[in-house]
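What follows is data00.tsv (TSV, C-alpha atoms and all ligand atoms).
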```tsv
chain	number	residue	atom	x	y	z
S	963	MET	CA	0.00	0.00	0.00
S	964	LYS	CA	2.79	2.32	1.00
S	965	GLU	CA	4.60	1.63	-2.27
S	966	ILE	CA	1.47	2.49	-4.29
S	967	ALA	CA	1.12	5.78	-2.43
S	968	ARG	CA	4.77	6.62	-3.11
S	969	VAL	CA	4.50	5.86	-6.82
S	970	ARG	CA	1.37	7.99	-7.07
S	971	LYS	CA	3.24	10.83	-5.40
S	972	LEU	CA	6.13	10.50	-7.85
S	973	ALA	CA	3.78	10.60	-10.82
S	974	LYS	CA	2.29	13.86	-9.64
S	975	ILE	CA	5.41	15.97	-9.41
S	976	SER	CA	6.10	18.52	-12.16
S	977	ILE	CA	8.41	21.48	-12.63
S	978	ALA	CA	5.62	23.74	-11.30
S	979	ASP	CA	6.43	22.27	-7.88
S	980	VAL	CA	9.72	24.19	-7.75
S	981	ALA	CA	7.77	27.26	-6.72
S	982	HIS	CA	6.86	25.83	-3.30
S	983	VAL	CA	9.63	25.43	-0.78
S	984	GLY	CA	7.98	24.91	2.60
S	985	PRO	CA	8.53	21.76	4.70
S	986	GLY	CA	7.05	18.65	3.10
S	987	THR	CA	6.84	20.06	-0.44
S	988	ALA	CA	8.81	18.38	-3.25
S	989	ALA	CA	11.08	21.40	-3.82
S	990	GLY	CA	11.31	22.07	-0.09
S	991	GLU	CA	12.58	18.56	0.53
S	992	TRP	CA	14.97	18.84	-2.38
S	993	PHE	CA	16.40	22.16	-1.16
S	994	ARG	CA	16.87	20.65	2.30
S	995	ARG	CA	19.53	18.28	0.91
S	996	TYR	CA	21.97	21.14	0.24
S	997	TRP	CA	23.94	23.62	2.29
S	998	LEU	CA	22.24	26.97	1.66
S	999	VAL	CA	23.65	30.44	2.23
S	1000	VAL	CA	21.77	32.22	5.01
S	1001	GLY	CA	24.01	35.20	5.76
S	1002	THR	CA	27.34	36.93	5.33
S	1003	THR	CA	30.12	37.12	7.87
S	1004	LYS	CA	30.31	40.90	7.64
S	1005	GLU	CA	26.59	41.38	8.31
S	1006	LEU	CA	26.34	39.02	11.29
S	1007	ARG	CA	27.57	41.26	14.06
S	1008	ASP	CA	26.49	41.67	17.66
S	1009	ILE	CA	22.72	41.53	17.20
S	1010	PRO	CA	20.49	38.59	16.23
S	1011	LEU	CA	19.31	38.40	12.63
S	1012	GLY	CA	15.74	37.16	12.13
S	1013	LEU	CA	15.19	35.48	8.78
S	1014	LYS	CA	12.90	33.09	7.00
S	1015	VAL	CA	14.43	30.18	5.14
S	1016	LEU	CA	12.34	27.70	3.12
S	1017	GLY	CA	9.24	28.90	4.93
S	1018	GLU	CA	10.70	28.46	8.43
S	1019	ASP	CA	11.11	31.38	10.83
S	1020	LEU	CA	14.65	31.35	12.20
S	1021	VAL	CA	17.18	33.53	13.94
S	1022	LEU	CA	20.87	33.63	13.13
S	1023	PHE	CA	23.30	34.84	15.79
S	1024	ARG	CA	26.88	34.63	16.96
S	1025	ASP	CA	27.45	34.15	20.70
S	1026	LEU	CA	30.16	36.06	22.52
S	1027	ASN	CA	32.43	33.04	22.22
S	1028	GLY	CA	32.22	33.41	18.44
S	1029	GLN	CA	30.05	30.36	17.78
S	1030	MET	CA	27.24	30.77	15.26
S	1031	GLY	CA	23.75	29.40	15.69
S	1032	LEU	CA	20.64	29.17	13.52
S	1033	ILE	CA	17.66	28.35	15.72
S	1034	GLY	CA	13.88	28.76	15.68
S	1035	LEU	CA	12.80	32.41	15.76
S	1036	HIS	CA	10.06	31.94	18.32
S	1037	CYS	CA	11.03	31.08	21.86
S	1038	PRO	CA	9.69	27.64	22.74
S	1039	HIS	CA	8.40	29.00	26.07
S	1040	ARG	CA	5.59	31.27	24.86
S	1041	GLY	CA	6.71	32.35	21.43
S	1042	THR	CA	8.46	35.70	21.77
S	1043	SER	CA	10.80	36.53	18.89
S	1044	LEU	CA	14.41	35.80	19.73
S	1045	GLU	CA	15.36	38.48	17.21
S	1046	TYR	CA	15.05	40.77	20.24
S	1047	GLY	CA	17.06	38.46	22.48
S	1048	ASP	CA	20.32	39.29	24.25
S	1049	ILE	CA	23.51	37.76	22.99
S	1050	GLU	CA	25.65	36.25	25.71
S	1051	GLU	CA	28.75	34.11	25.96
S	1052	ARG	CA	26.83	30.87	26.01
S	1053	GLY	CA	24.03	31.74	23.59
S	1054	ILE	CA	20.95	33.93	23.17
S	1055	ARG	CA	18.57	34.90	25.97
S	1056	CYS	CA	14.87	35.51	25.38
S	1057	PRO	CA	13.87	39.04	26.41
S	1058	TYR	CA	10.53	37.91	27.91
S	1059	HIS	CA	11.43	35.46	30.72
S	1060	ALA	CA	15.16	35.04	30.12
S	1061	TRP	CA	15.34	31.46	28.96
S	1062	LEU	CA	18.84	30.96	27.55
S	1063	PHE	CA	19.58	28.85	24.43
S	1064	ASP	CA	22.92	27.79	23.04
S	1065	VAL	CA	23.80	27.56	19.35
S	1066	ALA	CA	22.59	23.96	19.23
S	1067	GLY	CA	19.16	24.89	20.61
S	1068	ASN	CA	19.76	23.49	24.09
S	1069	CYS	CA	17.99	25.39	26.85
S	1070	LEU	CA	20.60	26.24	29.50
S	1071	GLU	CA	18.71	28.40	31.97
S	1072	GLN	CA	15.16	29.25	33.03
S	1073	PRO	CA	15.64	31.77	35.82
S	1074	GLY	CA	11.91	32.10	36.59
S	1075	GLU	CA	11.53	28.40	37.45
S	1076	PRO	CA	12.00	26.96	40.97
S	1077	ARG	CA	15.68	26.81	41.98
S	1078	ASP	CA	15.98	23.03	41.83
S	1079	SER	CA	13.97	22.69	38.60
S	1080	GLN	CA	15.50	20.47	35.93
S	1081	TYR	CA	12.81	21.36	33.41
S	1082	TYR	CA	15.27	23.32	31.26
S	1083	LYS	CA	16.97	20.04	30.33
S	1084	LYS	CA	13.80	18.85	28.67
S	1085	VAL	CA	13.49	21.84	26.36
S	1086	LYS	CA	15.28	21.43	23.03
S	1087	HIS	CA	14.72	24.20	20.53
S	1088	LEU	CA	14.85	23.83	16.74
S	1089	SER	CA	18.41	24.34	15.46
S	1090	TYR	CA	20.36	23.77	12.27
S	1091	PRO	CA	24.11	23.38	11.72
S	1092	VAL	CA	25.89	26.40	10.23
S	1093	ARG	CA	29.35	26.88	8.75
S	1094	GLU	CA	31.34	29.77	7.33
S	1095	LEU	CA	33.20	29.66	4.04
S	1096	GLY	CA	34.82	32.59	2.25
S	1097	GLY	CA	32.70	35.22	4.03
S	1098	LEU	CA	29.39	33.42	3.57
S	1099	ILE	CA	27.38	31.54	6.20
S	1100	PHE	CA	25.83	28.26	5.10
S	1101	ALA	CA	23.14	26.23	6.88
S	1102	TYR	CA	22.03	22.65	6.42
S	1103	MET	CA	18.32	22.11	7.05
S	1104	GLY	CA	18.18	18.52	5.84
S	1105	PRO	CA	17.12	15.28	7.43
S	1106	ASP	CA	20.47	14.11	8.74
S	1107	GLN	CA	21.52	16.95	11.03
S	1108	LYS	CA	24.19	14.92	12.79
S	1109	ASN	CA	25.79	13.79	9.57
S	1110	PRO	CA	25.29	16.46	6.89
S	1111	PRO	CA	26.92	16.15	3.46
S	1112	PRO	CA	30.22	18.01	2.95
S	1113	LEU	CA	29.95	21.76	2.44
S	1114	PRO	CA	31.05	22.20	-1.20
S	1115	ARG	CA	34.30	24.13	-1.58
S	1116	TYR	CA	32.99	26.53	-4.25
S	1117	SER	CA	36.02	27.88	-6.07
S	1118	PRO	CA	35.35	31.65	-5.70
S	1119	LEU	CA	35.12	31.19	-1.91
S	1120	ILE	CA	38.44	29.40	-1.55
S	1121	GLU	CA	41.62	31.32	-0.75
S	1122	ASN	CA	43.58	31.50	-4.02
S	1123	GLY	CA	45.71	34.62	-3.59
S	1124	GLY	CA	43.19	36.68	-5.56
S	1125	GLN	CA	41.03	39.63	-4.58
S	1126	LYS	CA	37.66	38.91	-2.99
S	1127	TYR	CA	34.50	40.88	-2.59
S	1128	ILE	CA	31.23	39.99	-0.84
S	1129	GLU	CA	28.16	42.12	-1.50
S	1130	LEU	CA	25.59	42.97	1.15
S	1131	THR	CA	22.58	40.64	1.14
S	1132	ARG	CA	19.91	41.58	-1.39
S	1133	TYR	CA	16.22	40.84	-0.76
S	1134	TYR	CA	13.59	40.22	-3.45
S	1135	ASP	CA	9.84	39.79	-3.30
S	1136	TYR	CA	9.07	37.24	-6.00
S	1137	ASN	CA	9.64	33.54	-6.48
S	1138	TRP	CA	13.25	32.30	-6.39
S	1139	PHE	CA	12.91	30.27	-9.59
S	1140	ASN	CA	12.19	33.33	-11.74
S	1141	PHE	CA	15.62	34.63	-10.83
S	1142	ILE	CA	17.43	31.35	-11.41
S	1143	GLU	CA	15.88	30.70	-14.83
S	1144	ASN	CA	17.06	34.10	-15.96
S	1145	GLY	CA	20.66	32.89	-15.62
S	1146	VAL	CA	20.28	30.47	-18.55
S	1147	ASP	CA	18.28	32.84	-20.74
S	1148	PRO	CA	21.01	34.68	-22.67
S	1149	VAL	CA	18.64	36.28	-25.17
S	1150	HIS	CA	17.50	38.66	-22.48
S	1151	PHE	CA	21.03	40.04	-22.18
S	1152	SER	CA	20.79	41.34	-25.72
S	1153	VAL	CA	17.19	42.53	-25.47
S	1154	LEU	CA	16.16	43.49	-21.95
S	1155	HIS	CA	19.44	45.15	-21.20
S	1156	ARG	CA	19.09	46.89	-24.57
S	1157	SER	CA	22.61	46.12	-25.52
S	1158	ASP	CA	23.85	48.11	-28.42
S	1159	PRO	CA	27.24	49.75	-28.80
S	1160	SER	CA	25.67	53.20	-28.90
S	1161	ASP	CA	22.59	52.78	-26.75
S	1162	GLY	CA	21.12	50.81	-23.85
S	1163	THR	CA	22.26	49.70	-20.45
S	1164	TRP	CA	25.24	47.53	-21.29
S	1165	ARG	CA	26.21	49.14	-24.59
S	1166	SER	CA	27.80	45.91	-25.73
S	1167	TRP	CA	28.74	44.80	-29.21
S	1168	PHE	CA	28.53	41.16	-28.13
S	1169	PHE	CA	25.11	41.05	-26.48
S	1170	ASN	CA	23.57	43.24	-29.11
S	1171	ARG	CA	19.85	43.27	-29.87
S	1172	HIS	CA	20.47	43.80	-33.60
S	1173	ASP	CA	22.76	40.78	-33.80
S	1174	ILE	CA	21.88	38.36	-31.00
S	1175	PRO	CA	24.65	35.78	-30.55
S	1176	HIS	CA	23.88	32.11	-31.06
S	1177	PHE	CA	23.97	30.06	-27.86
S	1178	ASP	CA	24.13	26.42	-26.84
S	1179	ALA	CA	22.62	25.02	-23.66
S	1180	VAL	CA	24.81	22.30	-22.18
S	1181	GLU	CA	24.47	19.86	-19.28
S	1182	THR	CA	27.37	19.97	-16.83
S	1183	ALA	CA	28.41	18.11	-13.69
S	1184	TYR	CA	26.95	20.90	-11.56
S	1185	GLY	CA	23.85	21.78	-13.63
S	1186	VAL	CA	23.53	23.72	-16.87
S	1187	LYS	CA	25.50	26.33	-18.74
S	1188	VAL	CA	24.70	28.49	-21.72
S	1189	ILE	CA	27.51	29.34	-24.13
S	1190	SER	CA	27.00	32.37	-26.36
S	1191	ARG	CA	29.35	32.76	-29.31
S	1192	LYS	CA	30.32	35.13	-32.09
S	1193	PRO	CA	33.05	34.73	-34.74
S	1194	GLY	CA	36.46	35.54	-33.27
S	1195	PRO	CA	39.38	37.64	-34.49
S	1196	THR	CA	40.75	34.68	-36.48
S	1197	ALA	CA	39.07	31.87	-38.42
S	1198	GLU	CA	39.89	29.32	-35.68
S	1199	THR	CA	38.64	31.36	-32.73
S	1200	GLU	CA	35.44	32.81	-31.38
S	1201	TYR	CA	34.25	35.26	-28.75
S	1202	VAL	CA	32.58	33.32	-25.99
S	1203	ASP	CA	30.46	34.09	-22.96
S	1204	GLU	CA	29.46	31.32	-20.52
S	1205	LYS	CA	26.85	31.67	-17.84
S	1206	SER	CA	26.02	28.80	-15.54
S	1207	VAL	CA	23.45	27.56	-13.07
S	1208	ALA	CA	24.60	25.06	-10.46
S	1209	LEU	CA	22.09	23.10	-8.44
S	1210	PRO	CA	20.25	23.93	-6.41
S	1211	SER	CA	20.18	27.71	-6.95
S	1212	ILE	CA	23.55	29.18	-7.87
S	1213	ILE	CA	24.39	31.39	-10.85
S	1214	GLN	CA	27.91	32.17	-11.94
S	1215	ILE	CA	29.10	34.64	-14.53
S	1216	GLY	CA	32.64	35.68	-15.42
S	1217	ASP	CA	32.40	38.79	-17.50
S	1218	LEU	CA	32.39	41.52	-14.88
S	1219	GLU	CA	35.87	42.62	-15.82
S	1220	PHE	CA	34.75	43.29	-19.37
S	1221	THR	CA	31.44	44.74	-18.19
S	1222	HIS	CA	29.76	42.61	-20.79
S	1223	PHE	CA	32.31	43.18	-23.50
S	1224	HIS	CA	32.34	46.90	-23.11
S	1225	LYS	CA	36.13	46.83	-23.23
S	1226	PRO	CA	38.07	46.77	-26.53
S	1227	ARG	CA	38.07	43.35	-28.16
S	1228	SER	CA	41.81	42.97	-27.64
S	1229	ALA	CA	41.24	42.98	-23.87
S	1230	LEU	CA	39.39	39.69	-24.18
S	1231	ALA	CA	42.39	37.73	-25.46
S	1232	GLU	CA	43.32	36.28	-22.09
S	1233	GLY	CA	39.81	35.46	-20.95
S	1234	SER	CA	38.14	36.39	-17.71
S	1235	HIS	CA	39.96	36.27	-14.38
S	1236	ILE	CA	36.80	36.68	-12.38
S	1237	GLU	CA	34.20	34.40	-10.88
S	1238	HIS	CA	31.01	36.21	-9.92
S	1239	ILE	CA	28.93	33.70	-8.00
S	1240	MET	CA	25.38	34.30	-6.77
S	1241	PHE	CA	23.62	32.09	-4.24
S	1242	VAL	CA	19.82	32.28	-4.13
S	1243	THR	CA	18.10	31.19	-0.93
S	1244	PRO	CA	14.30	31.17	-0.87
S	1245	ASN	CA	12.71	32.75	2.19
S	1246	ASP	CA	9.35	31.37	1.17
S	1247	ASP	CA	7.33	30.99	-2.06
S	1248	ASP	CA	7.32	34.72	-2.78
S	1249	HIS	CA	10.62	35.99	-1.40
S	1250	PHE	CA	14.29	35.15	-1.70
S	1251	MET	CA	17.68	36.41	-0.64
S	1252	LEU	CA	20.67	36.84	-2.92
S	1253	PHE	CA	24.27	36.49	-1.76
S	1254	THR	CA	27.02	37.51	-4.18
S	1255	ALA	CA	30.72	36.72	-3.91
S	1256	ASP	CA	33.47	37.72	-6.34
S	1257	SER	CA	36.94	36.37	-6.82
S	1258	TYR	CA	39.47	38.06	-9.11
S	1259	THR	CA	42.83	36.57	-10.01
S	1260	GLY	CA	44.04	39.02	-12.66
S	1261	LEU	CA	46.88	41.53	-12.39
S	1262	GLU	CA	44.87	44.71	-11.85
S	1263	SER	CA	45.29	46.14	-8.35
S	1264	ASP	CA	42.23	47.31	-6.39
S	1265	PHE	CA	40.08	45.61	-8.98
S	1266	PHE	CA	36.72	45.90	-7.23
S	1267	PRO	CA	36.92	49.55	-6.14
S	1268	LYS	CA	37.91	50.45	-9.71
S	1269	LEU	CA	35.22	48.32	-11.33
S	1270	ALA	CA	32.38	50.63	-10.38
S	1271	ASP	CA	34.11	53.57	-12.10
S	1272	THR	CA	34.46	51.72	-15.40
S	1273	ARG	CA	30.72	51.17	-15.79
S	1274	PRO	CA	28.78	53.56	-17.99
S	1275	PRO	CA	26.61	55.91	-15.92
S	1276	PRO	CA	22.98	54.75	-15.55
S	1277	LEU	CA	20.63	56.23	-18.11
S	1278	LYS	CA	18.29	58.79	-16.72
S	1279	GLU	CA	14.67	58.33	-17.72
S	1280	GLU	CA	11.92	60.75	-16.89
S	1281	LYS	CA	8.69	59.43	-15.41
S	1282	LYS	CA	5.66	60.90	-17.17
S	1283	GLU	CA	3.21	62.53	-14.80
S	1284	TYR	CA	0.36	60.27	-16.00
S	1285	ASP	CA	2.48	57.11	-15.66
S	1286	HIS	CA	1.21	55.08	-12.69
S	1287	ARG	CA	3.18	51.94	-13.38
S	1288	LYS	CA	4.80	50.73	-10.19
S	1289	HIS	CA	8.38	50.26	-11.39
S	1290	MET	CA	8.82	53.23	-13.67
S	1291	PRO	CA	11.36	54.31	-14.68
S	1292	PHE	CA	13.16	50.99	-14.83
S	1293	ARG	CA	15.61	51.14	-17.70
S	1294	GLY	CA	19.25	51.98	-17.26
S	1295	SER	CA	20.07	49.67	-14.37
S	1296	VAL	CA	20.66	46.00	-15.17
S	1297	ARG	CA	19.50	44.95	-11.71
S	1298	HIS	CA	16.32	46.99	-11.91
S	1299	GLU	CA	15.57	45.70	-15.40
S	1300	ASP	CA	15.86	42.14	-14.12
S	1301	ILE	CA	13.64	42.81	-11.11
S	1302	VAL	CA	10.87	44.32	-13.24
S	1303	THR	CA	10.80	41.49	-15.78
S	1304	GLN	CA	11.24	38.61	-13.34
S	1305	GLY	CA	9.03	40.12	-10.67
S	1306	THR	CA	6.06	40.56	-13.00
S	1307	GLN	CA	6.13	37.02	-14.51
S	1308	GLY	CA	4.18	35.47	-11.66
S	1309	ARG	CA	5.16	32.13	-10.18
S	1310	ILE	CA	5.80	29.28	-12.61
S	1311	ASP	CA	2.82	27.34	-11.22
S	1312	GLU	CA	0.46	30.26	-11.88
S	1313	ARG	CA	1.47	31.65	-15.27
S	1314	ASN	CA	0.66	30.58	-18.83
S	1315	GLU	CA	3.64	30.15	-21.11
S	1316	ARG	CA	4.43	29.63	-24.80
S	1317	LEU	CA	8.00	28.38	-24.71
S	1318	ALA	CA	10.10	28.89	-27.83
S	1319	ALA	CA	13.39	27.57	-29.27
S	1320	SER	CA	15.28	30.36	-27.54
S	1321	ASP	CA	14.10	28.96	-24.19
S	1322	ARG	CA	16.31	25.89	-24.60
S	1323	GLY	CA	18.49	26.86	-21.64
S	1324	VAL	CA	15.43	27.29	-19.44
S	1325	ILE	CA	13.96	24.00	-20.66
S	1326	LEU	CA	17.17	22.10	-19.96
S	1327	LEU	CA	17.46	23.60	-16.49
S	1328	ARG	CA	13.86	22.68	-15.66
S	1329	LYS	CA	14.53	19.11	-16.74
S	1330	ARG	CA	17.60	18.83	-14.54
S	1331	ILE	CA	15.89	20.30	-11.51
S	1332	LEU	CA	12.85	18.10	-11.96
S	1333	ASN	CA	15.16	15.07	-12.11
S	1334	ALA	CA	16.89	16.23	-8.93
S	1335	MET	CA	13.57	16.62	-7.12
S	1336	LYS	CA	12.53	13.16	-8.27
S	1337	ALA	CA	15.83	11.72	-7.03
S	1338	VAL	CA	15.08	13.09	-3.57
S	1339	GLN	CA	11.60	11.56	-3.64
S	1340	LYS	CA	13.19	8.22	-4.38
S	1341	GLY	CA	15.63	8.62	-1.50
S	1342	ALA	CA	18.69	9.23	-3.72
S	1343	LEU	CA	21.26	12.04	-3.56
S	1344	PRO	CA	20.35	14.83	-5.99
S	1345	GLN	CA	22.88	16.41	-8.32
S	1346	GLY	CA	25.10	18.94	-6.55
S	1347	VAL	CA	25.14	17.20	-3.16
S	1348	LEU	CA	28.63	15.92	-2.49
S	1349	THR	CA	29.54	12.50	-1.22
S	1350	LYS	CA	32.20	12.29	1.50
S	1351	GLU	CA	34.76	11.08	-1.06
S	1352	ARG	CA	34.49	14.33	-2.99
S	1353	ALA	CA	34.53	16.59	0.06
S	1354	GLN	CA	37.96	18.11	-0.57
S	1355	LYS	CA	37.52	18.74	-4.30
S	1356	ILE	CA	37.07	22.35	-5.33
S	1357	VAL	CA	33.71	22.86	-7.01
S	1358	LYS	CA	34.39	24.82	-10.15
S	1359	ILE	CA	31.55	26.37	-12.15
S	1360	ASP	CA	32.20	27.49	-15.72
S	1361	SER	CA	32.06	31.19	-16.40
S	1362	PHE	CA	34.60	31.77	-19.13
S	1363	THR	CA	34.38	35.00	-21.06
S	1364	GLY	CA	36.87	35.83	-23.76
S	1365	ILE	CA	38.38	34.43	-26.93
S	1366	ARG	CA	39.03	30.74	-27.37
S	1367	ALA	CA	39.20	28.00	-29.99
S	1368	LYS	CA	36.04	27.49	-31.97
S	1369	GLY	CA	33.44	24.95	-30.90
S	1370	VAL	CA	34.62	24.23	-27.36
S	1371	PHE	CA	31.90	23.08	-24.98
S	1401	LIG	S1	8.66	33.58	25.85
S	1401	LIG	FE1	10.79	33.30	25.84
S	1401	LIG	S2	11.31	33.00	27.90
S	1401	LIG	FE2	9.17	33.23	27.93
S	1402	FE	FE	19.57	40.23	-16.64
```

Can you give me the file's structure in the form of structure tokens?
Amino acid sequence: MKEIARVRKLAKISIADVAHVGPGTAAGEWFRRYWLVVGTTKELRDIPLGLKVLGEDLVLFRDLNGQMGLIGLHCPHRGTSLEYGDIEERGIRCPYHAWLFDVAGNCLEQPGEPRDSQYYKKVKHLSYPVRELGGLIFAYMGPDQKNPPPLPRYSPLIENGGQKYIELTRYYDYNWFNFIENGVDPVHFSVLHRSDPSDGTWRSWFFNRHDIPHFDAVETAYGVKVISRKPGPTAETEYVDEKSVALPSIIQIGDLEFTHFHKPRSALAEGSHIEHIMFVTPNDDDHFMLFTADSYTGLESDFFPKLADTRPPPLKEEKKEYDHRKHMPFRGSVRHEDIVTQGTQGRIDERNERLAASDRGVILLRKRILNAMKAVQKGALPQGVLTKERAQKIVKIDSFTGIRAKGVF
């Protein structure tokens, strides 16, 4: 009987399920197999940080001994938010009746109870393991808390002698999957960002709306990448731009140093020296957080402070007095352009679509994610979760931008 119920459940799952991430949902269970970024080292200071992850209300904090904890937001006593708690050496203390919890969710003190009470020992609060890597804080919310999979050593986060930069956390109010799909949709670079050497946000000759580059969508060990190409300076070479999505919800691009080919073509000869990695963590079905880390291994000094100055100034657009559209004006900032288009799509399980040939990257990604969700339903490890044997390997995600031999995948 149980087997029949399980098979029926497997038959029902579709890519529309990726939109729902709460406990017990197909995508929620899938996400809970991975280490997810929940904060940055530089933003976790001396106050607790309330946050929602995969539909669960949590609080992230660092005790005065330097240990980090991610525990349930609401005090198990009578529910007060621990976001207002006091940080102490041994943990976080609820402001209401001073119950004290350590980073593992153990209750250590209940000062209002009778002196000889042992009741505190019986109270165990929700907690998840957390780890820091390269300035980001990862949490594992999966089933095997005592024995989580290895935290992947993502290459941009590993010390490599290069320059590093971590952005402040960004918060968005639409479904996480809209953002991720955008990473394997290269046509939008040429159109939405109005790329044109003399006009538009990127002003790029490569991602150019009058001559959109051909792209291939390719399966990789970590997920999917899209490779856009144009004929190179010689017959044997081509200009290439790779953008990748790694499971569960990571995008990497490499072209920041060329600001999308804004530099002279000769500058591309060596290829990119940058990895710009973005980790998406759903708060719930309609909100997500974005954590961005950069690693640069080129010769330029002070690369990141200088980068901002090399970008063309944002275009200024006037808002007409009779224009009541919420996001106007929106052109001129790549990030704003993305928010407007992704944020107005609606969730994948609610919208109607007419997919086209140019959606092949999106289609391939959906297939891979659906397979990963199905693997979890069957009790298998989904793509992107490391086995112990591969724990020390550096996880490298393709994001080459530059000139290379023709036809390389
Ligand atoms: S509600 Fe937290 S100690 Fe009472
Ligand atoms: Fe974009």

Exercise. Rounded to one decimal in Å, what is the spacing between atom CA of S:Val1180 and atom CA of S:Val1370?
Worked result: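 Atom-to-atom, atom CA of S:Val1180 and atom CA of S:Val1370 are spaced 11.3 Å apart.
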
Exercise. Can you tell me which residues sit at most 6 Å away from ligand LIG 1401 (chain S), counting only C-alpha atoms and all ligand atoms, written as a PyMOL selection string?
Worked result: chain S and resi 1037+1039-1042+1056+1058-1061

For this session: Could you check how far atom CA of S:Gly1096 sits from atom CA of S:Leu1119, in Å to one decimal?
Result: 4.4 Å

For this session: List all protein, DNA and RNA residues that have at least one atom no more than 12 Å from any atom of ligand FE 1402 (chain S), counting all atoms listed in the file, and write them as a PyMOL selection string.
Result: chain S and resi 1140-1157+1163-1164+1169+1205+1213+1215+1222+1293-1304

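Between atom CA of S:Tyr1127 and atom CA of S:Phe1177 lies a distance of 29.4 Å.
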
Problem set entry | Distance query S:Gly1124 at most 8 Å, all atoms listed in the file, self and fewer than 4 positions along chain excluded, as a ChimeraX atom specification | /S:1257-1260

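Checking S:Phe1250, S:Trp992, S:Phe1063, S:Tyr1136 one by one against S:Val1015, counting only C-alpha atoms, you find the shortest gap at S:Phe1250.
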
For this session: Select, from S:Pro1105, S:His1172, S:Gly984, S:Arg1316, the residue with the minimum atom-to-atom distance to S:Gly1341, counting only C-alpha atoms.
Result: S:Pro1105
